[in-house]
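Raw query.cif, mmCIF, C-alpha atoms:
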```
data_model
#
loop_
_atom_site.label_atom_id
_atom_site.label_comp_id
_atom_site.auth_asym_id
_atom_site.auth_seq_id
_atom_site.Cartn_x
_atom_site.Cartn_y
_atom_site.Cartn_z
CA MET V 388 59.06 22.32 -55.61
CA THR V 389 61.07 20.93 -52.68
CA ARG V 390 60.34 17.55 -51.14
CA ARG V 391 59.15 19.27 -47.94
CA ALA V 392 56.75 21.52 -49.87
CA VAL V 393 55.34 18.52 -51.75
CA LEU V 394 54.91 16.58 -48.48
CA LEU V 395 53.20 19.51 -46.78
CA ALA V 396 50.90 20.08 -49.73
CA SER V 397 50.00 16.37 -49.74
CA LEU V 398 49.36 16.37 -46.01
CA PHE V 399 47.16 19.43 -46.26
CA ALA V 400 45.06 17.83 -48.98
CA ALA V 401 44.82 14.51 -47.15
CA ILE V 402 43.72 15.96 -43.83
CA SER V 403 41.26 18.49 -45.15
CA PHE V 404 38.59 16.61 -43.18
CA TRP V 405 39.96 18.01 -39.91
CA SER V 406 38.54 21.10 -38.29
CA THR V 407 40.61 24.24 -38.37
CA VAL V 408 42.82 24.73 -35.34
CA GLY V 409 41.88 27.86 -33.42
CA GLY V 410 44.16 30.89 -33.46
CA THR V 411 46.38 32.06 -36.27
CA ALA V 412 48.43 28.93 -36.91
CA GLY V 413 49.26 28.49 -40.58
CA ALA V 414 48.32 25.41 -42.59
CA GLU V 415 51.87 24.03 -42.39
CA GLU V 416 51.86 24.26 -38.59
CA MET V 417 48.40 22.68 -38.43
CA ASP V 418 49.50 19.77 -40.61
CA THR V 419 52.58 19.14 -38.49
CA ALA V 420 50.58 19.32 -35.26
CA ALA V 421 47.87 17.04 -36.59
CA LEU V 422 50.36 14.45 -37.83
CA ALA V 423 52.25 14.51 -34.53
CA ALA V 424 49.01 14.10 -32.58
CA MET V 425 47.86 11.24 -34.81
CA LYS V 426 51.07 9.32 -34.21
CA THR V 427 50.61 9.47 -30.43
CA ALA V 428 46.89 8.61 -30.33
CA LYS V 429 46.32 5.33 -28.50
CA ALA V 430 42.61 4.98 -29.26
CA THR V 431 41.60 3.72 -32.69
CA LEU V 432 38.86 4.51 -35.15
CA HIS V 433 37.73 0.88 -34.80
CA ARG V 434 37.18 1.24 -31.05
CA ALA V 435 35.38 4.56 -31.57
CA LEU V 436 32.97 2.92 -34.04
CA ILE V 437 32.30 0.06 -31.62
CA ALA V 438 31.77 2.40 -28.63
CA SER V 439 29.39 4.64 -30.57
CA LYS V 440 26.98 1.77 -31.35
CA THR V 441 25.22 2.24 -28.01
CA HIS V 442 24.12 5.68 -29.24
CA GLY V 443 22.83 4.65 -32.67
CA THR V 444 24.19 3.36 -35.95
CA PRO V 445 27.57 4.92 -36.82
CA ILE V 446 27.38 6.74 -40.17
CA SER V 447 30.87 8.33 -40.19
CA ALA V 448 33.91 8.71 -37.97
CA LYS V 449 37.11 10.71 -38.05
CA PHE V 450 39.98 12.07 -36.04
CA GLU V 451 39.83 15.85 -35.85
CA ILE V 452 41.48 18.68 -33.99
CA GLU V 453 39.22 20.99 -32.02
CA ASP V 454 40.50 23.66 -29.65
CA GLY V 455 44.02 22.35 -30.23
CA LYS V 456 43.16 18.80 -29.06
CA LEU V 457 42.94 15.64 -31.09
CA GLN V 458 39.60 13.88 -30.74
CA PHE V 459 37.24 11.50 -32.48
CA SER V 460 34.02 12.72 -34.03
CA ILE V 461 31.49 10.00 -34.76
CA TYR V 462 28.14 10.73 -36.38
CA THR V 463 25.35 8.29 -35.50
CA MET V 464 21.73 7.96 -36.51
CA LYS V 465 18.76 6.55 -34.67
CA GLY V 466 15.61 6.80 -36.75
CA ASN V 467 15.57 10.38 -38.06
CA ASP V 468 17.78 11.72 -35.25
CA PHE V 469 21.46 12.43 -35.74
CA MET V 470 24.01 12.66 -32.94
CA GLU V 471 27.68 13.58 -32.82
CA ILE V 472 29.71 11.65 -30.30
CA VAL V 473 33.02 13.25 -29.39
CA ALA V 474 35.62 11.01 -27.76
CA ASP V 475 39.12 11.63 -26.42
CA ALA V 476 41.66 10.31 -28.94
CA LYS V 477 44.10 9.24 -26.22
CA THR V 478 41.71 7.23 -24.08
CA GLY V 479 38.66 6.63 -26.28
CA THR V 480 36.47 7.97 -23.47
CA ILE V 481 33.32 9.72 -24.66
CA ALA V 482 33.59 13.42 -23.83
CA ARG V 483 30.17 14.56 -25.02
CA ILE V 484 27.15 13.60 -27.09
CA GLU V 485 25.26 16.29 -28.97
CA GLU V 486 22.32 16.37 -31.32
CA ILE V 487 23.42 17.55 -34.77
CA THR V 488 21.60 20.81 -35.47
CA ASP V 489 24.07 22.84 -37.56
CA ALA V 490 22.67 23.04 -41.10
CA MET V 491 25.91 21.99 -42.84
CA ASP V 492 26.58 19.11 -40.41
CA LEU V 493 22.95 18.01 -40.66
CA ASN V 494 23.17 17.97 -44.47
CA GLN V 495 26.31 15.83 -44.30
CA ALA V 496 24.60 13.46 -41.86
CA MET V 497 21.60 13.11 -44.19
CA GLU V 498 23.89 12.34 -47.15
CA GLN V 499 25.71 9.74 -45.03
CA LYS V 500 22.37 8.22 -43.95
CA ALA V 501 21.33 7.92 -47.61
CA ALA V 502 24.57 6.09 -48.42
CA MET V 503 24.20 3.78 -45.41
CA ALA V 504 20.60 3.00 -46.42
CA LYS V 505 22.03 1.29 -49.54
CA ALA V 506 24.94 -0.32 -47.68
CA ASN V 507 25.12 -4.01 -46.83
CA VAL V 508 28.50 -3.66 -45.10
CA PRO V 509 28.89 -1.81 -41.77
CA LEU V 510 31.49 0.95 -41.51
CA LEU V 511 33.56 -1.05 -39.03
CA THR V 512 33.88 -3.93 -41.52
CA ALA V 513 34.79 -1.51 -44.33
CA ALA V 514 37.46 0.17 -42.18
CA GLU V 515 38.92 -3.22 -41.22
CA ALA V 516 39.01 -4.29 -44.88
CA ALA V 517 40.85 -1.11 -45.87
CA VAL V 518 43.44 -1.57 -43.11
CA THR V 519 43.91 -5.26 -43.96
CA ALA V 520 44.49 -4.41 -47.63
CA ASN V 521 47.02 -1.73 -46.65
CA ALA V 522 49.34 -3.40 -44.14
CA GLY V 523 50.96 -1.05 -41.66
CA SER V 524 48.17 1.52 -41.95
CA ARG V 525 45.60 2.71 -39.46
CA ALA V 526 42.21 4.14 -40.35
CA VAL V 527 41.79 7.80 -39.41
CA SER V 528 38.53 8.62 -41.20
CA ILE V 529 35.61 6.82 -42.80
CA VAL V 530 32.79 8.58 -44.64
CA PRO V 531 30.09 6.80 -46.65
CA LYS V 532 29.07 8.25 -50.01
CA LEU V 533 26.82 7.41 -52.90
CA LYS V 534 28.71 7.18 -56.20
CA ASN V 535 26.50 6.53 -59.21
CA GLY V 536 23.87 5.12 -56.88
CA GLN V 537 26.34 2.70 -55.29
CA ALA V 538 27.18 2.85 -51.57
CA THR V 539 30.90 3.29 -50.94
CA ALA V 540 33.06 4.47 -48.07
CA GLU V 541 36.07 6.71 -48.37
CA VAL V 542 38.59 5.49 -45.82
CA THR V 543 41.58 7.68 -45.05
CA LEU V 544 44.57 5.71 -43.81
CA LEU V 545 47.79 6.79 -42.12
CA ALA V 546 50.98 4.78 -42.61
CA GLY V 547 54.00 6.40 -40.99
CA SER V 548 53.64 10.00 -42.13
CA THR V 549 51.73 9.26 -45.33
CA PHE V 550 47.98 9.63 -45.73
CA LYS V 551 46.10 7.62 -48.34
CA THR V 552 42.40 7.55 -49.16
CA VAL V 553 40.88 4.34 -50.48
CA THR V 554 37.33 3.58 -51.57
CA VAL V 555 35.59 0.49 -50.22
CA LYS V 556 32.30 -0.82 -51.66
CA LEU V 557 29.53 -1.11 -49.09
CA ASP V 558 27.12 -3.26 -51.09
#
```
Go ahead and express the file in the form of structure tokens.
Amino acid sequence: MTRRAVLLASLFAAISFWSTVGGTAGAEEMDTAALAAMKTAKATLHRALIASKTHGTPISAKFEIEDGKLQFSIYTMKGNDFMEIVADAKTGTIARIEEITDAMDLNQAMEQKAAMAKANVPLLTAAEAAVTANAGSRAVSIVPKLKNGQATAEVTLLAGSTFKTVTVKLD
């Protein structure tokens, strides 16, 4: 397998959390576009987590591509209500706030809420710890999970053109 094929396969696996780009673009094109967009994004996952706090407790955040544009998607909870906050990745400006009603998204939000219920560490702190431990990286996704009853967060980092996922304990 060539170095390019290995890199593209790795990128595809690492960015599987992104939405599919509309149209008929192949996975290789999507990976290249996503990576290029990530490198030019001025807003950060940290700022998105901070900005979303006015709309509830952040329970996950990620860069994603929707309709060919890079954006942030932040899930928040307030009581038993779940919201998705979508923000422009270039400016950090909130574009829209929607109640989560899609069954699959709602299920993910409930799983994230269950993990955060056992967490003693906020997502922002976990993301900062992951970045600090991996100098030169920036956080591009954070999703809490329960692993053997323990609250953890999977943080995906980008350093140059390499993605890496690390697990941070939340308790």
Expansion of the PyMOL selection byres ((chain V and resi 493-509) around 6) into residues, as JSON, numbers by chain: {"V": [446, 487, 489, 490, 491, 492, 510, 511, 512, 531, 532, 533, 538, 557, 558]}
message: What's the separation between CA of Asp475 (chain V) and CA of Ser447 (chain V), in Å to one decimal place?
response: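 Result for CA of Asp475 (chain V) versus CA of Ser447 (chain V): 16.4 Å, one decimal.
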query: Which residues fall under the PyMOL selection byres ((chain V and resi 473) around 6) in this file, as JSON, numbers by chain?
result: {"V": [459, 460, 472, 474, 481, 482, 483]}
query: Can you list, as a list in words, every protein, DNA or RNA residue that comes within 10 Å of Leu544 (chain V) when you count all atoms listed in the file, leaving out same-chain residues fewer than 5 positions away?
result: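 Here the qualifying residues turn out to be Ala401, Ala514, Ala517, Val518, Asn521, Gly523, Ser524, Arg525, Ala526, Val527, Ser528, Ile529, Thr549, Phe550, Lys551, Thr552 and Val553 of chain V.
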Residue with smallest distance to Ala430 (chain V) - pool V:Thr478, V:Gly536, V:Glu451, V:Ala520, counting all atoms listed in the file: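 Going through V:Thr478, V:Gly536, V:Glu451, V:Ala520 one by one, the smallest distance to Ala430 (chain V) is for V:Thr478.
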message: To one decimal place in Å, what is the distance between CA of Lys477 (chain V) and CA of Ala428 (chain V)?
response: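 Distance between the two atoms: 5.0 Å.
Across the structure, CA of Glu515 (chain V) and CA of Thr480 (chain V) are spaced 21.1 Å apart.
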- request: Report as a list in words the residues that result from applying the PyMOL selection byres ((chain V and resi 554) around 7) to the structure here.
  value: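 On this input, the PyMOL selection byres ((chain V and resi 554) around 7) captures Thr539, Ala540, Glu541, Val542, Thr552, Val553, Val555 and Lys556 of chain V.
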query: Looking at V:Ala546, V:Met470, V:Ala424, V:Ala516, which one is nearest to Thr444 (chain V), with distances taken over all atoms listed in the file?
result: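 Ranked by minimum distance to Thr444 (chain V), first place goes to V:Met470.
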message: When you count all atoms listed in the file, which of these residues is closest to Gly547 (chain V): V:Ile461, V:Met425, V:Leu432, V:Ile437?
response: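 Looking at the shortest contact to Gly547 (chain V), the residue is V:Met425.
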Build an axis-aligned box that encloses every atom of region 474-477 of chain V listed in the file, pad it by 8 Å on each side, and report its centre and edge lengths in Å to one decimal, as AutoDock Vina command-line options.
```
--center_x 39.9 --center_y 10.4 --center_z -27.6 --size_x 24.5 --size_y 18.4 --size_z 18.7
```
